[in-house]
Amino acid sequence: MKDLSVKTTIAALVLFFLPISAMAQTPQLDPGEKLEKLQFPAVTMQLKGWTKFGNSHVYTLPVRAGQHIKISFATKSKFAFLAIFDLSKPDDEAFFGTDEDGMDFQTTVKENTTWLLRPYYSKVSPRRGLGAPFSILIEPLAAAPPQPKPPAEPEPPSLFPKAPPKPQ
């Protein structure tokens with residue numbers, strides 16, 4: 001019996017000291033949602049599905065620092081959207097949403113993490129139908145070439161002429 005309590009105590013301590021980021025990598029799913037784990041694609045990947053409250057697929061996508069990526073969301077419905085969450089962050093706010101940020105998201109990843117891509121059918125909009133079809137394109141991009149610096153603008157003419165240099 002004593003051996004069992006020691007194992008239980010050790011297991012509790014291990015769970016207690018797990019980094020919060022490791023625990024945050026598991027998304028909280030809504031009832032009826034199905035999780036699909038993706039890998040960062042080598043070429044463009046297309047996901048197709050149907051979203052309605054309670055019966056949708058959500059996707060996890062591991063990303064690494066330095067990767068360039070573009071994610072595009074397409075739907076014919078004006079009530080379907082895509083939200084992208086960073087699972088390593090403790091808050092549950094999306095860092096990108098097609099309802100406010102447009103249908104395309106393009107970035108260079110700053111740190112290793114896992115994103116949650118959640119297509120959803122808006123609960124606050126008047127509903128027409130049972131849901132909406134959608135398509136998500138995940139495109140790995142080549143590294144962007146460094147942008148040349150714009151030429152320096154010449155100084156505007158001054159009302160006061162500059163004094164000539166002093167002789168030495």
# chains A, B, ... in the order shown; residues from 1 in each chain; ligands from 1
>>> residues_around(residues="His57 in chain A", least_positions_apart="6", cutoff="8 Å", atoms="only C-alpha atoms", output="list in words")
Glu33, Lys34, Leu35, Glu36, Gly49, Thr51, Arg118 and Pro119 of chain A
>>> write_last_selection(atoms="N, CA, C and O atoms", output="PDB file, in the first residue's frame")
ATOM      1  N   GLU A  33     -16.756  18.730 -31.687  1.00  0.00           N
ATOM      2  CA  GLU A  33     -15.620  19.025 -32.547  1.00  0.00           C
ATOM      3  C   GLU A  33     -14.696  17.822 -32.631  1.00  0.00           C
ATOM      4  O   GLU A  33     -14.532  17.087 -31.665  1.00  0.00           O
ATOM      5  N   LYS A  34     -14.079  17.656 -33.794  1.00  0.00           N
ATOM      6  CA  LYS A  34     -13.126  16.574 -34.012  1.00  0.00           C
ATOM      7  C   LYS A  34     -11.772  17.187 -34.317  1.00  0.00           C
ATOM      8  O   LYS A  34     -11.663  18.051 -35.180  1.00  0.00           O
ATOM      9  N   LEU A  35     -10.743  16.714 -33.615  1.00  0.00           N
ATOM     10  CA  LEU A  35      -9.395  17.255 -33.785  1.00  0.00           C
ATOM     11  C   LEU A  35      -8.637  16.458 -34.835  1.00  0.00           C
ATOM     12  O   LEU A  35      -8.620  15.237 -34.813  1.00  0.00           O
ATOM     13  N   GLU A  36      -8.000  17.180 -35.749  1.00  0.00           N
ATOM     14  CA  GLU A  36      -7.141  16.559 -36.747  1.00  0.00           C
ATOM     15  C   GLU A  36      -5.767  17.197 -36.622  1.00  0.00           C
ATOM     16  O   GLU A  36      -5.628  18.420 -36.735  1.00  0.00           O
ATOM     17  N   GLY A  49     -14.012  21.153 -45.750  1.00  0.00           N
ATOM     18  CA  GLY A  49     -14.918  20.653 -44.741  1.00  0.00           C
ATOM     19  C   GLY A  49     -16.210  21.433 -44.692  1.00  0.00           C
ATOM     20  O   GLY A  49     -16.486  22.286 -45.531  1.00  0.00           O
ATOM     21  N   THR A  51     -18.645  23.397 -41.748  1.00  0.00           N
ATOM     22  CA  THR A  51     -18.648  23.855 -40.371  1.00  0.00           C
ATOM     23  C   THR A  51     -20.053  24.243 -39.939  1.00  0.00           C
ATOM     24  O   THR A  51     -20.778  24.888 -40.679  1.00  0.00           O
ATOM     25  N   ARG A 118      -9.387  26.931 -36.308  1.00  0.00           N
ATOM     26  CA  ARG A 118     -10.766  26.591 -35.951  1.00  0.00           C
ATOM     27  C   ARG A 118     -11.734  27.286 -36.918  1.00  0.00           C
ATOM     28  O   ARG A 118     -12.046  28.461 -36.756  1.00  0.00           O
ATOM     29  N   PRO A 119     -12.243  26.560 -37.926  1.00  0.00           N
ATOM     30  CA  PRO A 119     -13.325  27.109 -38.738  1.00  0.00           C
ATOM     31  C   PRO A 119     -14.602  27.090 -37.898  1.00  0.00           C
ATOM     32  O   PRO A 119     -14.812  26.152 -37.123  1.00  0.00           O
TER      33      PRO A 119
END
>>> residues_around(residues="Phe95 in chain A", least_positions_apart="6", cutoff="9 Å", atoms="only C-alpha atoms", output="number ranges by chain")
A: 83-86
>>> closest_residue(among="A:Ala74, A:Ile138, A:Gln28, A:Asp99", to="Leu87 in chain A", atoms="only C-alpha atoms")
A:Gln28
>>> atom_distance(atom1="CA of Val109 in chain A", atom2="CA of Ser56 in chain A")
26.4 Å
>>> residues_around(residues="Trp50 in chain A", least_positions_apart="3", cutoff="8 Å", atoms="only C-alpha atoms", output="ChimeraX atom specification")
/A:56,131-134
>>> write_last_selection(atoms="all heavy atoms", output="compact mmCIF listing (two decimals), in the first residue's frame")
# COMPACT_ATOMS: atom_id res chain seq x y z
N SER A 56 -17.76 20.16 -36.26
CA SER A 56 -16.73 20.65 -37.17
C SER A 56 -15.40 20.00 -36.87
O SER A 56 -15.17 19.51 -35.77
CB SER A 56 -16.58 22.16 -37.03
OG SER A 56 -17.78 22.82 -37.28
N GLY A 131 -25.19 25.15 -41.92
CA GLY A 131 -23.75 25.33 -41.81
C GLY A 131 -23.21 25.83 -43.13
O GLY A 131 -23.96 26.34 -43.95
N ALA A 132 -21.91 25.67 -43.31
CA ALA A 132 -21.31 26.17 -44.54
C ALA A 132 -20.08 25.35 -44.91
O ALA A 132 -19.30 24.96 -44.04
CB ALA A 132 -20.92 27.63 -44.35
N PRO A 133 -19.88 25.13 -46.21
CA PRO A 133 -18.66 24.48 -46.66
C PRO A 133 -17.51 25.50 -46.60
O PRO A 133 -17.74 26.70 -46.72
CB PRO A 133 -18.96 24.07 -48.10
CG PRO A 133 -20.00 25.03 -48.54
CD PRO A 133 -20.80 25.40 -47.32
N PHE A 134 -16.29 24.99 -46.44
CA PHE A 134 -15.13 25.87 -46.42
C PHE A 134 -13.95 25.16 -47.03
O PHE A 134 -13.94 23.94 -47.21
CB PHE A 134 -14.79 26.32 -44.99
CG PHE A 134 -14.31 25.20 -44.11
CD1 PHE A 134 -12.97 24.83 -44.09
CD2 PHE A 134 -15.19 24.51 -43.30
CE1 PHE A 134 -12.52 23.78 -43.29
CE2 PHE A 134 -14.75 23.47 -42.48
CZ PHE A 134 -13.41 23.11 -42.49
